[in-house]
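> Dumping the structure here so I can ask a few things about it.
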Amino acid sequence: MSLAPLFLDAGYRPGIVMASLLIATLASYVTLDLSLRVRSASGPLQTIWWAAGSLVMGTGIWSMHFVGMLAFVLPIQLGFTGLMTLLSWVAAVAASGIALHAASRADYSARAVCSGAIAMGIGICAMHYIGMAAIDLSPGIVWNGWTVAASAAIAVGASAAALVIFRLLIQVRADRRIYLQLLASVVMGAAIGGMHYTGMAAAQFPQGAVCLSAGGLGGSGLTAIVVAATCMLLVGALFASILEARLQVVARQLSQSLQESNAQLKTANEELQHRAFTDVLTGLPNRLFFETRLANSLQRLEHVNQAAVQQQIAVLFVDLDGFKPINDSLGHAAGDQVLQTAAKRLLEQSGAGNTVARIGGDEFLVLLEGLADTDDCVAVVDRILAALASPFEAMGTALQIACSIGVVMHPAHGRRRDMLIADADAAMYAAKRAGGARHVLFEPRMTADTTDALQLQTDLRKALERGQFELYYQPKIDGRKSRLSGMEALIRWNHPILGTVSPAKFIALAERSGLIVPLGEWVIREACRQMAAWSREGSHLRVAVNLSAMQLAHAGLVKSIEAALRTHGLPGDRLICEITESVALEDLEVTQRTFHELQRLDVHLSIDDFGTGYSSLSQLRELPVRQLKVDRSFIMDLESRPDARAVVDAVIKLAHALSLTVVAEGVETTGQRDILLRMGCDELQGFFYARPMPAGDVLGWVADEPVAVPRASVFATIG
């Protein structure tokens, strides 16, 4: 009769057992969070999260096992060999790597879950039983096979439960996920603890056994170190995971915001491109588009005529007769209605396939193609004359106007391809001189009818010598402080016979004749003189002057500005030099050189009529400008067209991003002002605040209008 072997009585330290279960729960929570990070990442970042997650998760599970073993108590002293303990940790990390790999796969079939659970369960069992082998006992541990099998089943089941729980987690909304994750962590922690303590229950220790590794790893001090280090590692990993999740949210928000901004910029860019070739008021093409279409038409005509199929084209220069009195008596709103109706009638009468453009004021160009002879052209011209002679409805009033049309045909009227618009213009003036309301075909002799232009050019030279020019000043209002921020100087010509001549007529003539350089120098000197005079009166106003392309390219520009400032004792920042966008970018190298020299004088630089030259702010970054002036064509549609508001808003935001201030010119209504102020426009200028006024009226206006609210009495004094 054999006696049953006797075994040592075993027990546990409850506090350390509880610590091991808490570690298991915390490790489970961190593991689930890291699984989400691995699944949401891609490429190298996913590999980094997988490696870091495997290390942290494996260390957490192993720590629970090791602390649980340190909680085990026998009548003999226990210890653990270092090598086997290290191998058990490696097994835990490997099992965690398998688990995270399974969790990151898109395939979540039952077969995939089972295979992943088995592999992970084997790894956990390997960790546990290698860890038990770290107790070098003589005689060795006696194992209960059924209990060992039960612990293995628990390991596989816990792994399967973890994968299923993770699948549920990724299907739950983010704001509810934390509650399910906490519950899942408790379940998984209990399962891991159950596997460990079931495996411990399978071990029996014979009486008289001696632990040969008693001098190895062990003791209460080691327990505290493992618990503290593991908790720090798990909490640190959890913090990194949460931080990365927040960063992903911020990145998605920024990406979405960037996409929305790009969409707005694309819309604004398309609108800028559209406006670069379109007249805003009528929707017709502008002169730039017309010239491009004319060049293309001439090329096509050359190919067609080479094939012995003779065709002609015609350019019509259309000018409305009697339009100016409408503006003067009924206002610009009525004039705008007439222009819009005239544009519609021109389109209707010109026919499909032909081009109608507005080139400014009440002037239009029409391109007729595919004409067989002059009779075909005259038939269209007669229809246009009849259409524009019909009454117009504007501001509730029936208005009667007519038009003068100059016609040039090609090649019938010569081969001056580059002069077709100028020839049509000359024919139109011939129609005007003949009484208007008619058309005139171009004749070569008409090029000699430039007496008026030559006389005006002669008078222009004398005007500079005789002091017939005068500067008017239009206030610019600070949008934030609602007070005067400066003035823009605008030139006027007081002709002794013709009266006040519009700058629209003599500026172009001055540029063609080369007089614009001395005229521009006079403007700068006069503006500086006036600023000095105002300063002596106690008003230190900043004044903006306009520069032309010829001035910008003139070698003496910077010296003349420096001399004017020095003569009148003014600092450079009191003067603002404005140049139109198209001129600024016409020769960027020249513009840069001149602007940098002016910057040395501390003269402020501004881009005028922004939006009409179809540039980009990236180009303007190459220039040391401080200010953009949004063209009035954008401002006039702010109240009626969302696309105009989108363009202006985009320009203001992008300009501010480049540390540029923005001036809106042409502000005429309360609605325009309010929209611009809401958009954060820095300065506003226009008839809503004040019309241009003589220098002698400025100080009185400043005293009367401290918050820049226009008054009828001011308008009465300045006309």
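Chains: A, B, ... in order of the structure tokens. Residues: from 1 per chain. Ligands: from 1, in order shown.
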Please extract the residues of region 386-457 of chain A with a backbone DSSP assignment of strand (DSSP E or B) and present them as a PyMOL selection string.
chain A and resi 392-394+397-399+402-410+438-441
> Find the distance between CA of Val338 (chain A) and CA of Ser390 (chain A) and write it in Å to one decimal.
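Atom-to-atom, CA of Val338 (chain A) and CA of Ser390 (chain A) are spaced 11.5 Å apart.
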> From the list A:Leu330, A:Leu284, A:Met636, A:Leu441, which residue is nearest Ala314 (chain A) when using only C-alpha atoms?
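Smallest distance to Ala314 (chain A) is found for A:Leu441.
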> What does the distance from CA of Arg480 (chain A) to CA of Met679 (chain A) come to in Å, to one decimal?
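Going from CA of Arg480 (chain A) over to CA of Met679 (chain A) covers 11.0 Å.
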> I'd like the neighbourhood of Gln349 (chain A) as an MDAnalysis selection string, where a residue qualifies if any of its atoms comes within 8 Å (using only C-alpha atoms), though same-chain residues fewer than 2 positions away should be ignored.
chainID A and resid 345:347 351 380 383:384 387
> Just the selected residues (all heavy atoms), exported as a compact mmCIF listing (two decimals), in the first residue's frame, please.

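out-v4.txt was written with the following content:
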```txt
# COMPACT_ATOMS: atom_id res chain seq x y z
N ARG A 345 -28.96 95.02 -74.99
CA ARG A 345 -29.41 95.27 -76.36
C ARG A 345 -28.29 95.03 -77.37
O ARG A 345 -28.52 94.50 -78.47
CB ARG A 345 -29.94 96.70 -76.48
CG ARG A 345 -31.20 96.94 -75.67
CD ARG A 345 -31.70 98.38 -75.83
NE ARG A 345 -32.85 98.64 -74.97
CZ ARG A 345 -33.49 99.81 -74.91
NH1 ARG A 345 -33.06 100.84 -75.66
NH2 ARG A 345 -34.52 99.97 -74.10
N LEU A 346 -27.07 95.42 -77.01
CA LEU A 346 -25.94 95.17 -77.91
C LEU A 346 -25.73 93.68 -78.13
O LEU A 346 -25.46 93.24 -79.25
CB LEU A 346 -24.67 95.80 -77.32
CG LEU A 346 -24.52 97.32 -77.49
CD1 LEU A 346 -23.36 97.84 -76.64
CD2 LEU A 346 -24.29 97.67 -78.96
N LEU A 347 -25.85 92.90 -77.07
CA LEU A 347 -25.70 91.46 -77.20
C LEU A 347 -26.78 90.87 -78.10
O LEU A 347 -26.51 90.01 -78.95
CB LEU A 347 -25.77 90.80 -75.81
CG LEU A 347 -24.51 90.85 -74.95
CD1 LEU A 347 -24.80 90.31 -73.56
CD2 LEU A 347 -23.39 90.04 -75.60
N GLY A 351 -25.71 89.37 -82.46
CA GLY A 351 -25.83 88.01 -82.97
C GLY A 351 -24.88 87.05 -82.30
O GLY A 351 -23.85 87.43 -81.74
N VAL A 380 -26.06 94.92 -89.32
CA VAL A 380 -25.96 94.76 -87.86
C VAL A 380 -25.88 96.13 -87.19
O VAL A 380 -26.52 96.37 -86.16
CB VAL A 380 -24.72 93.91 -87.49
CG1 VAL A 380 -24.58 93.80 -85.97
CG2 VAL A 380 -24.83 92.52 -88.10
N ARG A 383 -29.23 97.78 -86.88
CA ARG A 383 -30.04 97.18 -85.80
C ARG A 383 -29.62 97.73 -84.44
O ARG A 383 -30.45 98.00 -83.57
CB ARG A 383 -29.92 95.65 -85.82
CG ARG A 383 -30.56 94.98 -87.02
CD ARG A 383 -30.86 93.50 -86.73
NE ARG A 383 -29.68 92.76 -86.31
CZ ARG A 383 -28.88 92.10 -87.14
NH1 ARG A 383 -29.12 92.12 -88.46
NH2 ARG A 383 -27.84 91.42 -86.68
N ILE A 384 -28.32 97.89 -84.25
CA ILE A 384 -27.81 98.43 -82.98
C ILE A 384 -28.26 99.87 -82.79
O ILE A 384 -28.71 100.26 -81.70
CB ILE A 384 -26.27 98.33 -82.93
CG1 ILE A 384 -25.83 96.86 -82.87
CG2 ILE A 384 -25.71 99.09 -81.73
CD1 ILE A 384 -24.33 96.66 -82.95
N ALA A 387 -31.89 99.85 -81.83
CA ALA A 387 -32.13 99.32 -80.48
C ALA A 387 -31.75 100.34 -79.41
O ALA A 387 -32.47 100.52 -78.42
CB ALA A 387 -31.34 98.03 -80.29
```
> Identify all residues of region 466-709 of chain A in helix (DSSP H, G or I) (DSSP on the backbone) and supply them as an MDAnalysis selection string.
chainID A and resid 466 503:513 516:536 549:553 557:567 572:574 581:584 588:600 617:620 632:635 642:657 670:679 695:704
> Would you mind listing what lies within 10 Å of region 491-502 of chain A as a PyMOL selection string, with only C-alpha atoms counted and same-chain residues fewer than 5 positions away left out?
chain A and resi 456+459-460+463-464+467-473+507+519-520+523+545-546+692+694
> Using only C-alpha atoms, which of the listed residues (A:Met64, A:Val378, A:Ile401, A:Val73) sits closest to Leu21 (chain A)?
A:Met64
> Just how far from CA of Ala191 (chain A) is CA of Tyr29 (chain A), in Å to one decimal?
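A separation of 13.2 Å between them.
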> Got a sec: who's within 9 Å of Gly11 (chain A), counting only C-alpha atoms, leaving out chain neighbours fewer than 3 positions off, as a VMD selection string?
chain A and resid 71 to 74
> Keeping all heavy atoms for every residue in the selection just given, could you write it to a file as a PDB file, in the first residue's frame?

```pdb
ATOM      1  N   ALA A  71       2.995  37.407  -4.579  1.00  0.00           N
ATOM      2  CA  ALA A  71       1.973  37.313  -3.529  1.00  0.00           C
ATOM      3  C   ALA A  71       1.867  35.901  -2.965  1.00  0.00           C
ATOM      4  O   ALA A  71       1.255  35.684  -1.907  1.00  0.00           O
ATOM      5  CB  ALA A  71       0.617  37.756  -4.083  1.00  0.00           C
ATOM      6  N   PHE A  72       2.444  34.927  -3.671  1.00  0.00           N
ATOM      7  CA  PHE A  72       2.371  33.523  -3.258  1.00  0.00           C
ATOM      8  C   PHE A  72       3.280  33.276  -2.047  1.00  0.00           C
ATOM      9  O   PHE A  72       4.428  33.733  -2.011  1.00  0.00           O
ATOM     10  CB  PHE A  72       2.801  32.649  -4.440  1.00  0.00           C
ATOM     11  CG  PHE A  72       2.577  31.192  -4.235  1.00  0.00           C
ATOM     12  CD1 PHE A  72       1.291  30.683  -4.061  1.00  0.00           C
ATOM     13  CD2 PHE A  72       3.652  30.310  -4.219  1.00  0.00           C
ATOM     14  CE1 PHE A  72       1.096  29.322  -3.884  1.00  0.00           C
ATOM     15  CE2 PHE A  72       3.458  28.963  -4.042  1.00  0.00           C
ATOM     16  CZ  PHE A  72       2.183  28.463  -3.874  1.00  0.00           C
ATOM     17  N   VAL A  73       2.756  32.547  -1.070  1.00  0.00           N
ATOM     18  CA  VAL A  73       3.478  32.313   0.187  1.00  0.00           C
ATOM     19  C   VAL A  73       3.588  30.813   0.442  1.00  0.00           C
ATOM     20  O   VAL A  73       2.584  30.076   0.379  1.00  0.00           O
ATOM     21  CB  VAL A  73       2.764  32.990   1.379  1.00  0.00           C
ATOM     22  CG1 VAL A  73       3.509  32.696   2.672  1.00  0.00           C
ATOM     23  CG2 VAL A  73       2.663  34.493   1.151  1.00  0.00           C
ATOM     24  N   LEU A  74       4.842  30.326   0.728  1.00  0.00           N
ATOM     25  CA  LEU A  74       5.119  28.945   1.146  1.00  0.00           C
ATOM     26  C   LEU A  74       5.926  28.977   2.440  1.00  0.00           C
ATOM     27  O   LEU A  74       6.540  30.018   2.779  1.00  0.00           O
ATOM     28  CB  LEU A  74       5.915  28.210   0.059  1.00  0.00           C
ATOM     29  CG  LEU A  74       5.143  27.755  -1.191  1.00  0.00           C
ATOM     30  CD1 LEU A  74       6.091  27.159  -2.205  1.00  0.00           C
ATOM     31  CD2 LEU A  74       4.035  26.763  -0.832  1.00  0.00           C
TER      32      LEU A  74
END
```
> For Glu665 (chain A), list every protein, DNA or RNA residue within 7 Å, evaluated using only C-alpha atoms, and leave out those in the same chain fewer than 2 positions away; present the list as a PyMOL selection string.
chain A and resi 629-632+663+667+684-686
> Hey, what's within 7 Å of Ala160 (chain A) if we count only C-alpha atoms and toss same-chain stuff fewer than 4 positions away? As a list in words, please?
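Residues meeting the cut-off are Val113, Cys114, Ala117, Val156 and Val164 of chain A.
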> Write a file of the just-selected residues containing C-alpha atoms, as a compact mmCIF listing (two decimals), in the first residue's frame.

```txt
# COMPACT_ATOMS: atom_id res chain seq x y z
CA VAL A 113 -10.81 35.63 -33.99
CA CYS A 114 -10.28 31.94 -33.12
CA ALA A 117 -7.17 33.87 -29.61
CA VAL A 156 -7.62 31.26 -24.90
CA VAL A 164 -14.50 40.44 -29.51
```
